[in-house]
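Data first, discussion second: the structure below is written as structure tokens.
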Amino acid sequence: MSTATASVSPGSARAARFVIYGLLLLFAFIYLLPFFVMLVTSLKPLAEIRSGNMLALPQSPSLDAWAKAWGTACIGVDCSGIKGYFWNSIRMVVPAVAISTILGALNGYVLTKWRFPGHKLVFGMMLFACFIPFQAVLIPMARVLGIIGLANTTSGLILVHVVYGLGFTTLFFRNYYEAFPDELIKAAQIDGAGFFRIFWRILLPSSGPIIVVTVIYQFTNIWNDFLFGVSFASGGGAPMTVALNNLVSSSTGVKEYNVDMAAAMFAALPTLIVYVVAGRYFVRGLMAGAVKG
Amino acid sequence: MSFLEIRDLYKTIGGVNILKGIDIELDKGGFLVLVGPSGCGKSTLLNTVAGLTDVTRGEVVIDGEVVNDLHPSKRDIAMVFQSYALYPNMTVEGNIAFALEMRGVPKADRDEAVKAAAKTLQIEHLLKRRPSQLSGGQRQRVAMGRALVRKPRVFLFDEPLSNLDAKLRVEMRAEIKRLHRDTGATIVYVTHDQIEAMTMATKIAVMKEGVVQQVGTPDEIYRMPSNLFVADFMGSPAMNLLEGRIAGGDGTARIQLTRNGDTPVELAVPPTVRETALRDGQPVILGIRPEAITDTGLTDPRAKAVSIVHAPVDLVEPTGSDTFVVTQLAGKEVTARVRSDVAAKAGETFEFAFNLDRAVVFDPATTERLR
């Protein structure tokens, strides 16, 4: 037996592993518990919820609460469920993610491969945008949206999210393209490809991992955003998060916990799906950006 | 009428002069190698020819046309990069055809051209693969195929062999040379490896610190280096550079190499320098290649100026085909190349024959060759 392995006996190694896995399982359990409560509560009728045990499995699971949350729950005076707001969110998040990702990729491309005097300053200022707190921009943003006539519209909200997300998407793509060999761009130039052709044919097809990272990041952020949604879109144009808040915090009538939980599940579902589908690329992409070569 | 001309070219980057007045001409079908130590500006010069770098002053002329303001793609040139720069997302076929596709060549013609280029380079079986699935040598071939398929007016190579292992490098060197012979292409080739320069070029430009030191055929550069830098840079093992002074004049001039406390060694004046260029007592540096210092049995019988020198052997390095014998002369190491079957032992005195027909003389003050 070599000296390197002699210091750790097989027995204590196994014990250490038990501790590690035990702790991991414990934390996973703690982390998943609220989700479990949400899920079982949404499947129970109101009477069963009132009878007490929050952790008990539903005696006769039903999707009634889900159907009500989706189609007939009252948000304010309007009793058509959250489905309209769900689509509001989709209509906001898809263009906002697409536009901010494409612009971020273009920015990254220009900032690494078509450098101009002062490119560092421009990048520095874009980075600075990442660190401005949401609250600080609310009033100027509302003013600008009012001036350009986009106040209280989904388009306005998209614009806000694109502008706010640009700093992050540019950062992601710039760092990714920084490691992309310049000689490839030179070769493409000699081959006769122009600015957009190089971007479209050479750079973008090689950007899979970073696109996934950016899309997940932007999708999660924009979908989960509450502050911009509540500030710049109200009433029928509000996104899902705002509607959920209005549903849960409305004080009239009986508190329908199962409907609230079902609505919250609807709100969490898209980001969950995005993670499940593309999550493994997320980690891979983060690594690719971090390690050069 | 030369095909490629670089006229009085200057390039300044951030206040630093990278190129300082480069003048080079190359005939059609010529193989020009730009060689020099790293940082001498050779890659920058190649990039200015390619159009990837703007010039500060001067002109690049291809086939009688000033191309300074032409975009790289309009200059009708192709470039092979050190890293090969293959597009990672495309197949070999797509890589080779890309330039044609950008020029709007129809698919059928493209396929035919790709096939022809692949056949020349023997990479037909690799066409459907991606660059990541190829070995270094195969990538190198694809990079050449990408250049070849366009049939450009000038090929530019930027240290294309420096990422290959030694054996493959020798193979590809021969391949590029064969390609040049078969296609009659005009090539500009950058390298820091003087052996690559010697073996492939029809014309060599030796550069140092943004200035061309000498332009000439490999033979001229090797035999008649125009200054000490070229003499020292080209050739392996390096040229022996011995300090001495001229003794006598009027047809009896000799070169004296001082030996510490010993009688000075006297050598004939090489015929490469006119005696009128020399003064009595003038300090000089004698440059003589190792193969021009031999054992007496190997002396070139046609040599006119031969001097015999007895000196103690310092070190013996057999290489198999030849043996390099190192001795001390004028306070410097001198390497001689002798037959491998000559018995030379360290510590013993050996009889060296200096073939001064093949020697050159430099002025130590200006470092230029005296002629």
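Simple scheme: letters A, B, ... for chains in structure tokens order, numbers from 1 for residues in each chain, numbers from 1 for ligands in the order shown.
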
If we count only C-alpha atoms, which residues of chain B reach to within 6 Å of chain A? Please list them as a list in words.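 So the contacting residues turn out to be Pro72, Ser73, Ala85, Ala99 and Met102 of chain B.
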
Near-segment 154-168 of chain B list (9 Å; only C-alpha atoms; drop same-chain fewer than 6 positions) as number ranges by chain: B: 4, 28-29, 43, 46-47, 49-50, 62, 75-84, 136-137, 140, 147-148, 185-193

Deliver the residues from the most recent selection as a file, using N, CA, C and O atoms, as a compact mmCIF listing (two decimals), in the first residue's frame.
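This is the output file out.txt:
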```
# COMPACT_ATOMS: atom_id res chain seq x y z
N LEU B 4 5.16 40.80 -57.50
CA LEU B 4 4.80 41.37 -56.21
C LEU B 4 5.89 42.36 -55.82
O LEU B 4 7.07 42.03 -55.83
N LYS B 28 6.97 36.46 -60.70
CA LYS B 28 5.86 35.50 -60.76
C LYS B 28 6.41 34.08 -60.61
O LYS B 28 7.41 33.72 -61.22
N GLY B 29 5.76 33.31 -59.77
CA GLY B 29 6.22 31.94 -59.55
C GLY B 29 7.35 31.84 -58.55
O GLY B 29 7.88 30.76 -58.32
N SER B 43 5.86 39.02 -39.67
CA SER B 43 4.42 38.71 -39.73
C SER B 43 3.61 39.97 -40.03
O SER B 43 2.63 39.91 -40.76
N LEU B 46 3.76 40.51 -43.67
CA LEU B 46 2.86 39.59 -44.39
C LEU B 46 1.41 40.08 -44.28
O LEU B 46 0.66 40.03 -45.26
N ASN B 47 1.05 40.55 -43.09
CA ASN B 47 -0.32 41.05 -42.90
C ASN B 47 -0.61 42.28 -43.75
O ASN B 47 -1.75 42.48 -44.17
N VAL B 49 0.69 42.78 -46.68
CA VAL B 49 0.48 42.26 -48.04
C VAL B 49 -0.92 41.67 -48.15
O VAL B 49 -1.62 41.85 -49.15
N ALA B 50 -1.36 41.00 -47.07
CA ALA B 50 -2.69 40.40 -47.08
C ALA B 50 -3.79 41.46 -47.00
O ALA B 50 -4.91 41.21 -47.42
N ILE B 62 0.60 44.29 -56.53
CA ILE B 62 0.48 42.93 -57.02
C ILE B 62 0.15 42.99 -58.49
O ILE B 62 -0.84 43.62 -58.89
N ARG B 75 -8.00 41.27 -53.03
CA ARG B 75 -6.61 41.29 -53.48
C ARG B 75 -6.22 40.03 -54.23
O ARG B 75 -5.11 39.91 -54.71
N ASP B 76 -7.13 39.05 -54.22
CA ASP B 76 -6.86 37.77 -54.87
C ASP B 76 -5.63 37.09 -54.27
O ASP B 76 -4.69 36.73 -54.96
N ILE B 77 -5.66 36.98 -52.95
CA ILE B 77 -4.59 36.32 -52.23
C ILE B 77 -5.22 35.24 -51.36
O ILE B 77 -6.42 35.28 -51.11
N ALA B 78 -4.43 34.28 -50.94
CA ALA B 78 -4.93 33.30 -49.97
C ALA B 78 -3.88 33.18 -48.89
O ALA B 78 -2.69 33.35 -49.14
N MET B 79 -4.32 32.90 -47.68
CA MET B 79 -3.38 32.89 -46.57
C MET B 79 -3.55 31.61 -45.77
O MET B 79 -4.66 31.16 -45.51
N VAL B 80 -2.42 31.04 -45.38
CA VAL B 80 -2.43 29.88 -44.47
C VAL B 80 -1.86 30.35 -43.14
O VAL B 80 -0.76 30.89 -43.09
N PHE B 81 -2.64 30.17 -42.08
CA PHE B 81 -2.25 30.71 -40.78
C PHE B 81 -1.52 29.67 -39.94
O PHE B 81 -1.67 28.47 -40.15
N GLN B 82 -0.79 30.18 -38.97
CA GLN B 82 -0.04 29.29 -38.07
C GLN B 82 -0.97 28.33 -37.33
O GLN B 82 -0.68 27.16 -37.18
N SER B 83 -2.14 28.84 -36.90
CA SER B 83 -3.08 27.98 -36.17
C SER B 83 -4.04 27.29 -37.14
O SER B 83 -5.01 26.70 -36.71
N TYR B 84 -3.80 27.42 -38.43
CA TYR B 84 -4.62 26.87 -39.52
C TYR B 84 -5.94 27.60 -39.69
O TYR B 84 -6.46 27.70 -40.79
N GLY B 136 -2.92 17.09 -36.58
CA GLY B 136 -2.24 18.33 -36.93
C GLY B 136 -1.85 18.41 -38.39
O GLY B 136 -2.09 19.41 -39.06
N GLY B 137 -1.28 17.31 -38.91
CA GLY B 137 -0.84 17.30 -40.30
C GLY B 137 -2.02 17.40 -41.26
O GLY B 137 -1.94 18.08 -42.28
N GLN B 140 -3.30 20.91 -41.34
CA GLN B 140 -2.38 21.68 -42.16
C GLN B 140 -2.73 21.53 -43.64
O GLN B 140 -2.77 22.50 -44.38
N ALA B 147 -6.54 27.38 -49.32
CA ALA B 147 -5.84 28.40 -50.09
C ALA B 147 -5.79 28.02 -51.57
O ALA B 147 -6.04 28.83 -52.46
N LEU B 148 -5.51 26.74 -51.79
CA LEU B 148 -5.27 26.24 -53.14
C LEU B 148 -6.50 26.36 -54.03
O LEU B 148 -6.41 26.67 -55.22
N ALA B 185 2.94 28.51 -58.29
CA ALA B 185 2.32 29.61 -57.56
C ALA B 185 3.37 30.59 -57.05
O ALA B 185 4.52 30.23 -56.86
N THR B 186 2.94 31.83 -56.87
CA THR B 186 3.79 32.84 -56.24
C THR B 186 3.53 32.80 -54.74
O THR B 186 2.38 32.89 -54.32
N ILE B 187 4.58 32.63 -53.96
CA ILE B 187 4.40 32.38 -52.52
C ILE B 187 5.23 33.35 -51.69
O ILE B 187 6.38 33.62 -52.02
N VAL B 188 4.62 33.88 -50.65
CA VAL B 188 5.37 34.59 -49.62
C VAL B 188 5.20 33.80 -48.33
O VAL B 188 4.08 33.48 -47.95
N TYR B 189 6.30 33.49 -47.68
CA TYR B 189 6.30 32.54 -46.58
C TYR B 189 7.07 33.13 -45.42
O TYR B 189 8.20 33.57 -45.59
N VAL B 190 6.43 33.16 -44.26
CA VAL B 190 7.10 33.72 -43.08
C VAL B 190 7.54 32.59 -42.16
O VAL B 190 6.78 31.66 -41.90
N THR B 191 8.76 32.66 -41.68
CA THR B 191 9.23 31.65 -40.72
C THR B 191 10.34 32.24 -39.87
O THR B 191 10.96 33.24 -40.24
N HIS B 192 10.57 31.64 -38.72
CA HIS B 192 11.75 32.04 -37.95
C HIS B 192 12.82 30.96 -38.05
O HIS B 192 13.88 31.07 -37.48
N ASP B 193 12.49 29.91 -38.81
CA ASP B 193 13.36 28.76 -38.92
C ASP B 193 14.23 28.91 -40.17
O ASP B 193 13.74 28.83 -41.29
```

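We find atom CA of Gln122 of chain B and atom CA of Phe98 of chain B to be spaced 19.2 Å apart.
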
Which residues are near segment 200-217 of chain B? Cut-off 8 Å, only C-alpha atoms, ignore same chain within fewer than 6 positions. Put them as a PyMOL selection string. chain B and resi 17-24+26+30-37+39-42+173+177+225-227+229-230

So that I can check the surroundings of Ala365 of chain B, please list as a short mmCIF file (atom, residue, chain, number, x, y, z; two decimals) with all heavy atoms, in the first residue's frame every protein, DNA and RNA residue that reaches within 12 Å of it, counting only C-alpha atoms and ignoring chain neighbours fewer than 2 positions away.
```
data_model
loop_
_atom_site.label_atom_id
_atom_site.label_comp_id
_atom_site.auth_asym_id
_atom_site.auth_seq_id
_atom_site.Cartn_x
_atom_site.Cartn_y
_atom_site.Cartn_z
N ASN B 227 25.96 41.20 -43.70
CA ASN B 227 26.45 41.77 -42.44
C ASN B 227 26.54 40.67 -41.37
O ASN B 227 26.17 39.52 -41.61
CB ASN B 227 25.59 42.95 -41.97
CG ASN B 227 24.14 42.54 -41.77
OD1 ASN B 227 23.86 41.41 -41.40
ND2 ASN B 227 23.23 43.46 -42.04
N LEU B 228 27.01 41.05 -40.21
CA LEU B 228 27.25 40.07 -39.16
C LEU B 228 25.97 39.40 -38.70
O LEU B 228 25.94 38.23 -38.36
CB LEU B 228 27.93 40.75 -37.95
CG LEU B 228 29.42 41.03 -38.11
CD1 LEU B 228 29.93 41.84 -36.93
CD2 LEU B 228 30.19 39.71 -38.20
N GLU B 243 37.77 37.45 -34.62
CA GLU B 243 38.33 38.79 -34.63
C GLU B 243 39.81 38.72 -34.97
O GLU B 243 40.53 37.85 -34.49
CB GLU B 243 38.15 39.45 -33.26
CG GLU B 243 36.72 39.89 -33.02
CD GLU B 243 36.51 40.32 -31.58
OE1 GLU B 243 37.45 40.87 -30.99
OE2 GLU B 243 35.39 40.09 -31.08
N GLN B 282 44.22 47.21 -39.97
CA GLN B 282 42.77 47.39 -39.83
C GLN B 282 42.15 46.21 -39.09
O GLN B 282 42.40 45.06 -39.44
CB GLN B 282 42.15 47.51 -41.24
CG GLN B 282 40.66 47.67 -41.24
CD GLN B 282 40.11 47.68 -42.66
OE1 GLN B 282 40.84 47.45 -43.62
NE2 GLN B 282 38.83 47.94 -42.78
N PRO B 283 41.34 46.46 -38.06
CA PRO B 283 40.65 45.33 -37.41
C PRO B 283 39.53 44.79 -38.29
O PRO B 283 38.82 45.56 -38.93
CB PRO B 283 40.09 45.95 -36.12
CG PRO B 283 40.00 47.41 -36.37
CD PRO B 283 41.00 47.75 -37.44
N VAL B 284 39.42 43.48 -38.34
CA VAL B 284 38.38 42.86 -39.17
C VAL B 284 37.77 41.68 -38.40
O VAL B 284 38.32 41.23 -37.40
CB VAL B 284 38.93 42.33 -40.52
CG1 VAL B 284 39.35 43.46 -41.43
CG2 VAL B 284 40.06 41.35 -40.27
N ILE B 285 36.62 41.23 -38.88
CA ILE B 285 36.06 39.97 -38.39
C ILE B 285 35.98 39.02 -39.56
O ILE B 285 35.39 39.35 -40.61
CB ILE B 285 34.68 40.19 -37.74
CG1 ILE B 285 34.83 40.97 -36.43
CG2 ILE B 285 33.99 38.85 -37.48
CD1 ILE B 285 33.55 41.31 -35.75
N PHE B 362 34.27 41.00 -42.41
CA PHE B 362 33.37 42.07 -41.96
C PHE B 362 34.15 43.17 -41.28
O PHE B 362 35.20 42.94 -40.70
CB PHE B 362 32.35 41.52 -40.97
CG PHE B 362 31.47 40.44 -41.52
CD1 PHE B 362 31.77 39.10 -41.31
CD2 PHE B 362 30.35 40.76 -42.28
CE1 PHE B 362 30.97 38.10 -41.81
CE2 PHE B 362 29.54 39.76 -42.79
CZ PHE B 362 29.85 38.43 -42.56
N ASP B 363 33.58 44.38 -41.37
CA ASP B 363 34.13 45.51 -40.63
C ASP B 363 33.48 45.51 -39.25
O ASP B 363 32.27 45.65 -39.15
CB ASP B 363 33.80 46.80 -41.39
CG ASP B 363 34.39 48.03 -40.70
OD1 ASP B 363 34.68 47.94 -39.49
OD2 ASP B 363 34.55 49.06 -41.38
N THR B 367 29.69 46.50 -38.92
CA THR B 367 29.18 45.13 -39.02
C THR B 367 28.85 44.72 -40.46
O THR B 367 28.32 43.66 -40.70
CB THR B 367 27.92 44.87 -38.14
OG1 THR B 367 26.78 45.42 -38.77
CG2 THR B 367 28.09 45.41 -36.75
N GLU B 368 29.16 45.60 -41.43
CA GLU B 368 28.89 45.28 -42.83
C GLU B 368 30.02 44.41 -43.39
O GLU B 368 31.14 44.45 -42.90
CB GLU B 368 28.80 46.56 -43.67
CG GLU B 368 27.61 47.43 -43.33
CD GLU B 368 26.29 46.77 -43.65
OE1 GLU B 368 26.13 46.27 -44.79
OE2 GLU B 368 25.41 46.73 -42.76
N ARG B 369 29.70 43.66 -44.44
CA ARG B 369 30.72 42.86 -45.10
C ARG B 369 31.60 43.76 -45.95
O ARG B 369 31.11 44.67 -46.63
CB ARG B 369 30.07 41.79 -45.98
CG ARG B 369 31.08 40.89 -46.68
CD ARG B 369 30.43 39.65 -47.23
NE ARG B 369 29.46 39.93 -48.27
CZ ARG B 369 29.78 40.12 -49.55
NH1 ARG B 369 31.04 40.04 -49.93
NH2 ARG B 369 28.86 40.38 -50.43
N LEU B 370 32.91 43.53 -45.90
CA LEU B 370 33.84 44.26 -46.77
C LEU B 370 33.88 43.53 -48.11
O LEU B 370 33.91 42.31 -48.16
CB LEU B 370 35.24 44.31 -46.14
CG LEU B 370 35.32 45.14 -44.85
CD1 LEU B 370 36.65 44.86 -44.15
CD2 LEU B 370 35.17 46.61 -45.16
#
```

Segment 59-129 of chain A: which residues are helix (DSSP H, G or I) by DSSP, as number ranges by chain? A: 64-71, 83-113, 119-129

Which polymer residues have any atom within 12 Å of an atom of Gln59 of chain A, counting only C-alpha atoms, with same-chain residues fewer than 3 positions away left out, as a ChimeraX atom specification? /A:40-41,43-45,47-49,51,53,55-56,62

Could you please take those selected residues and save N, CA and C atoms as a JSON list (two decimals), in the first residue's frame?
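File result05.json, as written:
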```
[["chain", "number", "residue", "atom", "x", "y", "z"],
["A", 40, "VAL", "N", -48.60, 19.52, -2.94],
["A", 40, "VAL", "CA", -49.69, 18.76, -2.30],
["A", 40, "VAL", "C", -50.85, 19.69, -1.95],
["A", 41, "THR", "N", -50.54, 20.92, -1.53],
["A", 41, "THR", "CA", -51.62, 21.84, -1.18],
["A", 41, "THR", "C", -52.49, 22.15, -2.40],
["A", 43, "LEU", "N", -53.17, 20.29, -4.73],
["A", 43, "LEU", "CA", -53.96, 19.14, -5.15],
["A", 43, "LEU", "C", -55.07, 18.79, -4.15],
["A", 44, "LYS", "N", -55.13, 19.53, -3.03],
["A", 44, "LYS", "CA", -56.13, 19.22, -2.00],
["A", 44, "LYS", "C", -57.33, 20.16, -2.11],
["A", 45, "PRO", "N", -58.52, 19.66, -1.70],
["A", 45, "PRO", "CA", -59.65, 20.60, -1.57],
["A", 45, "PRO", "C", -59.45, 21.46, -0.33],
["A", 47, "ALA", "N", -61.24, 22.13, 2.30],
["A", 47, "ALA", "CA", -61.59, 21.55, 3.60],
["A", 47, "ALA", "C", -60.43, 20.75, 4.18],
["A", 48, "GLU", "N", -59.79, 19.99, 3.32],
["A", 48, "GLU", "CA", -58.67, 19.15, 3.76],
["A", 48, "GLU", "C", -57.50, 20.01, 4.23],
["A", 49, "ILE", "N", -57.28, 21.12, 3.53],
["A", 49, "ILE", "CA", -56.19, 22.02, 3.92],
["A", 49, "ILE", "C", -56.46, 22.57, 5.31],
["A", 51, "SER", "N", -58.10, 21.28, 7.68],
["A", 51, "SER", "CA", -58.06, 20.28, 8.75],
["A", 51, "SER", "C", -56.67, 20.16, 9.36],
["A", 53, "ASN", "N", -52.86, 19.13, 8.67],
["A", 53, "ASN", "CA", -51.50, 18.70, 8.37],
["A", 53, "ASN", "C", -51.02, 19.17, 6.99],
["A", 55, "LEU", "N", -48.13, 18.71, 5.63],
["A", 55, "LEU", "CA", -47.26, 17.79, 4.89],
["A", 55, "LEU", "C", -47.97, 16.53, 4.40],
["A", 56, "ALA", "N", -49.21, 16.32, 4.87],
["A", 56, "ALA", "CA", -49.91, 15.09, 4.50],
["A", 56, "ALA", "C", -50.20, 15.05, 3.01],
["A", 62, "SER", "N", -56.98, 16.20, -6.69],
["A", 62, "SER", "CA", -57.77, 16.69, -7.83],
["A", 62, "SER", "C", -57.10, 17.93, -8.41]]
```

Mind checking which residues fall within 8 Å of Leu267 of chain B, counting only C-alpha atoms, ignoring those fewer than 2 positions away in the same chain, and posting them as a list in words?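 Near Leu267 of chain B, the qualifying residues are Arg254, Ile255, Gln256, Leu257, Val265, Val269 and Ser307 of chain B.
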
Please identify which residues in segment 77-277 of chain B DSSP calls strand (DSSP E) from the backbone, and express them as an mmCIF file with N, CA and C atoms, in the first residue's frame.
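The result, written out as states37.cif:
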```
data_model
loop_
_atom_site.group_PDB
_atom_site.id
_atom_site.type_symbol
_atom_site.label_atom_id
_atom_site.label_comp_id
_atom_site.auth_asym_id
_atom_site.auth_seq_id
_atom_site.Cartn_x
_atom_site.Cartn_y
_atom_site.Cartn_z
ATOM 1 N N ILE B 77 -5.664 36.984 -52.955
ATOM 2 C CA ILE B 77 -4.592 36.315 -52.233
ATOM 3 C C ILE B 77 -5.223 35.236 -51.359
ATOM 4 N N ALA B 78 -4.435 34.285 -50.936
ATOM 5 C CA ALA B 78 -4.928 33.298 -49.968
ATOM 6 C C ALA B 78 -3.878 33.175 -48.889
ATOM 7 N N MET B 79 -4.322 32.902 -47.683
ATOM 8 C CA MET B 79 -3.382 32.891 -46.571
ATOM 9 C C MET B 79 -3.550 31.607 -45.765
ATOM 10 N N VAL B 80 -2.423 31.035 -45.377
ATOM 11 C CA VAL B 80 -2.434 29.881 -44.471
ATOM 12 C C VAL B 80 -1.861 30.354 -43.142
ATOM 13 N N VAL B 154 -1.395 35.289 -55.261
ATOM 14 C CA VAL B 154 -0.290 35.142 -54.312
ATOM 15 C C VAL B 154 -0.756 34.301 -53.112
ATOM 16 N N PHE B 155 0.074 33.354 -52.723
ATOM 17 C CA PHE B 155 -0.167 32.580 -51.504
ATOM 18 C C PHE B 155 0.652 33.182 -50.372
ATOM 19 N N LEU B 156 0.029 33.330 -49.218
ATOM 20 C CA LEU B 156 0.769 33.821 -48.059
ATOM 21 C C LEU B 156 0.756 32.737 -46.986
ATOM 22 N N PHE B 157 1.911 32.422 -46.467
ATOM 23 C CA PHE B 157 2.013 31.421 -45.393
ATOM 24 C C PHE B 157 2.601 32.089 -44.159
ATOM 25 N N ASP B 158 1.898 32.005 -43.045
ATOM 26 C CA ASP B 158 2.391 32.610 -41.800
ATOM 27 C C ASP B 158 2.828 31.502 -40.845
ATOM 28 N N THR B 186 2.939 31.830 -56.867
ATOM 29 C CA THR B 186 3.791 32.836 -56.239
ATOM 30 C C THR B 186 3.525 32.797 -54.741
ATOM 31 N N ILE B 187 4.580 32.629 -53.956
ATOM 32 C CA ILE B 187 4.395 32.384 -52.520
ATOM 33 C C ILE B 187 5.228 33.349 -51.689
ATOM 34 N N VAL B 188 4.618 33.879 -50.649
ATOM 35 C CA VAL B 188 5.373 34.594 -49.619
ATOM 36 C C VAL B 188 5.203 33.804 -48.329
ATOM 37 N N TYR B 189 6.297 33.492 -47.678
ATOM 38 C CA TYR B 189 6.297 32.535 -46.583
ATOM 39 C C TYR B 189 7.066 33.125 -45.419
ATOM 40 N N VAL B 190 6.433 33.162 -44.257
ATOM 41 C CA VAL B 190 7.097 33.716 -43.076
ATOM 42 C C VAL B 190 7.538 32.588 -42.160
ATOM 43 N N THR B 191 8.760 32.656 -41.679
ATOM 44 C CA THR B 191 9.225 31.652 -40.719
ATOM 45 C C THR B 191 10.343 32.240 -39.872
ATOM 46 N N LYS B 203 13.979 32.960 -52.994
ATOM 47 C CA LYS B 203 14.482 34.257 -52.571
ATOM 48 C C LYS B 203 14.240 34.389 -51.070
ATOM 49 N N ILE B 204 15.256 34.848 -50.363
ATOM 50 C CA ILE B 204 15.123 35.014 -48.912
ATOM 51 C C ILE B 204 15.295 36.483 -48.568
ATOM 52 N N ALA B 205 14.449 36.973 -47.670
ATOM 53 C CA ALA B 205 14.668 38.302 -47.105
ATOM 54 C C ALA B 205 14.882 38.122 -45.614
ATOM 55 N N VAL B 206 16.077 38.462 -45.157
ATOM 56 C CA VAL B 206 16.376 38.351 -43.726
ATOM 57 C C VAL B 206 16.047 39.692 -43.078
ATOM 58 N N MET B 207 15.223 39.630 -42.027
ATOM 59 C CA MET B 207 14.785 40.873 -41.394
ATOM 60 C C MET B 207 15.237 40.929 -39.940
ATOM 61 N N LYS B 208 15.450 42.169 -39.490
ATOM 62 C CA LYS B 208 15.764 42.385 -38.078
ATOM 63 C C LYS B 208 15.247 43.761 -37.706
ATOM 64 N N VAL B 211 13.804 46.107 -40.401
ATOM 65 C CA VAL B 211 14.631 46.481 -41.537
ATOM 66 C C VAL B 211 15.083 45.210 -42.248
ATOM 67 N N VAL B 212 15.001 45.218 -43.593
ATOM 68 C CA VAL B 212 15.507 44.084 -44.349
ATOM 69 C C VAL B 212 17.025 44.149 -44.336
ATOM 70 N N GLN B 213 17.661 43.091 -43.855
ATOM 71 C CA GLN B 213 19.116 43.073 -43.760
ATOM 72 C C GLN B 213 19.732 42.662 -45.083
ATOM 73 N N GLN B 214 19.092 41.722 -45.748
ATOM 74 C CA GLN B 214 19.626 41.242 -47.020
ATOM 75 C C GLN B 214 18.524 40.511 -47.765
ATOM 76 N N VAL B 215 18.479 40.702 -49.082
ATOM 77 C CA VAL B 215 17.576 39.939 -49.928
ATOM 78 C C VAL B 215 18.425 39.213 -50.950
ATOM 79 N N GLY B 216 18.180 37.937 -51.128
ATOM 80 C CA GLY B 216 18.970 37.220 -52.129
ATOM 81 C C GLY B 216 18.549 35.782 -52.212
ATOM 82 N N ASN B 240 31.527 30.687 -38.047
ATOM 83 C CA ASN B 240 32.569 31.123 -37.116
ATOM 84 C C ASN B 240 32.917 32.568 -37.413
ATOM 85 N N LEU B 241 32.884 33.409 -36.382
ATOM 86 C CA LEU B 241 33.213 34.820 -36.561
ATOM 87 C C LEU B 241 34.428 35.128 -35.699
ATOM 88 N N LEU B 242 35.567 35.371 -36.367
ATOM 89 C CA LEU B 242 36.840 35.480 -35.649
ATOM 90 C C LEU B 242 37.399 36.889 -35.767
ATOM 91 N N GLU B 243 37.766 37.448 -34.623
ATOM 92 C CA GLU B 243 38.330 38.788 -34.628
ATOM 93 C C GLU B 243 39.814 38.721 -34.967
ATOM 94 N N GLY B 244 40.254 39.650 -35.793
ATOM 95 C CA GLY B 244 41.662 39.687 -36.163
ATOM 96 C C GLY B 244 41.993 41.040 -36.751
ATOM 97 N N ARG B 245 43.183 41.141 -37.324
ATOM 98 C CA ARG B 245 43.507 42.398 -38.008
ATOM 99 C C ARG B 245 44.345 42.114 -39.238
ATOM 100 N N ILE B 246 44.359 43.100 -40.140
ATOM 101 C CA ILE B 246 45.103 42.951 -41.385
ATOM 102 C C ILE B 246 46.583 43.226 -41.108
ATOM 103 N N ALA B 247 47.458 42.407 -41.657
ATOM 104 C CA ALA B 247 48.893 42.645 -41.527
ATOM 105 C C ALA B 247 49.493 42.734 -42.926
ATOM 106 N N ARG B 254 47.798 39.830 -45.042
ATOM 107 C CA ARG B 254 47.372 38.604 -44.384
ATOM 108 C C ARG B 254 46.382 38.988 -43.286
ATOM 109 N N ILE B 255 45.619 38.013 -42.840
ATOM 110 C CA ILE B 255 44.763 38.264 -41.676
ATOM 111 C C ILE B 255 45.393 37.570 -40.488
ATOM 112 N N GLN B 256 45.637 38.347 -39.448
ATOM 113 C CA GLN B 256 46.226 37.788 -38.233
ATOM 114 C C GLN B 256 45.155 37.589 -37.182
ATOM 115 N N LEU B 257 45.071 36.365 -36.670
ATOM 116 C CA LEU B 257 44.171 36.102 -35.551
ATOM 117 C C LEU B 257 45.027 35.995 -34.306
ATOM 118 N N VAL B 265 48.021 33.414 -35.487
ATOM 119 C CA VAL B 265 47.714 32.593 -36.659
ATOM 120 C C VAL B 265 47.556 33.526 -37.846
ATOM 121 N N GLU B 266 48.179 33.168 -38.940
ATOM 122 C CA GLU B 266 48.050 34.003 -40.138
ATOM 123 C C GLU B 266 47.266 33.266 -41.197
ATOM 124 N N LEU B 267 46.299 33.961 -41.771
ATOM 125 C CA LEU B 267 45.489 33.356 -42.822
ATOM 126 C C LEU B 267 45.546 34.235 -44.050
ATOM 127 N N ALA B 268 45.355 33.618 -45.216
ATOM 128 C CA ALA B 268 45.300 34.382 -46.459
ATOM 129 C C ALA B 268 44.039 35.244 -46.459
#
```

Write out as a PyMOL selection string each polymer residue whose atoms come within 12 Å of Phe134 of chain A, counting only C-alpha atoms; drop sequence neighbours fewer than 4 positions from it. chain A and resi 129-130+138-141+160-161+163-165+225-229+231

Please indicate the distance in Å from atom CA of Lys120 of chain A to atom CA of Phe180 of chain A, rounded to one decimal place.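 Rounded to one decimal, the two atoms are 17.8 Å apart.
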
Find, counting only C-alpha atoms, the residue in A:Cys74, A:Phe199, A:Gly253, A:Phe168 that gets nearest to Ile132 of chain A.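 Closest to Ile132 of chain A, using only C-alpha atoms: A:Phe168.
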
Which value, in Å to one decimal, gives the distance between atom CA of Phe266 of chain A and atom CA of Ile75 of chain A?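 Going from atom CA of Phe266 of chain A over to atom CA of Ile75 of chain A, I get 15.1 Å.
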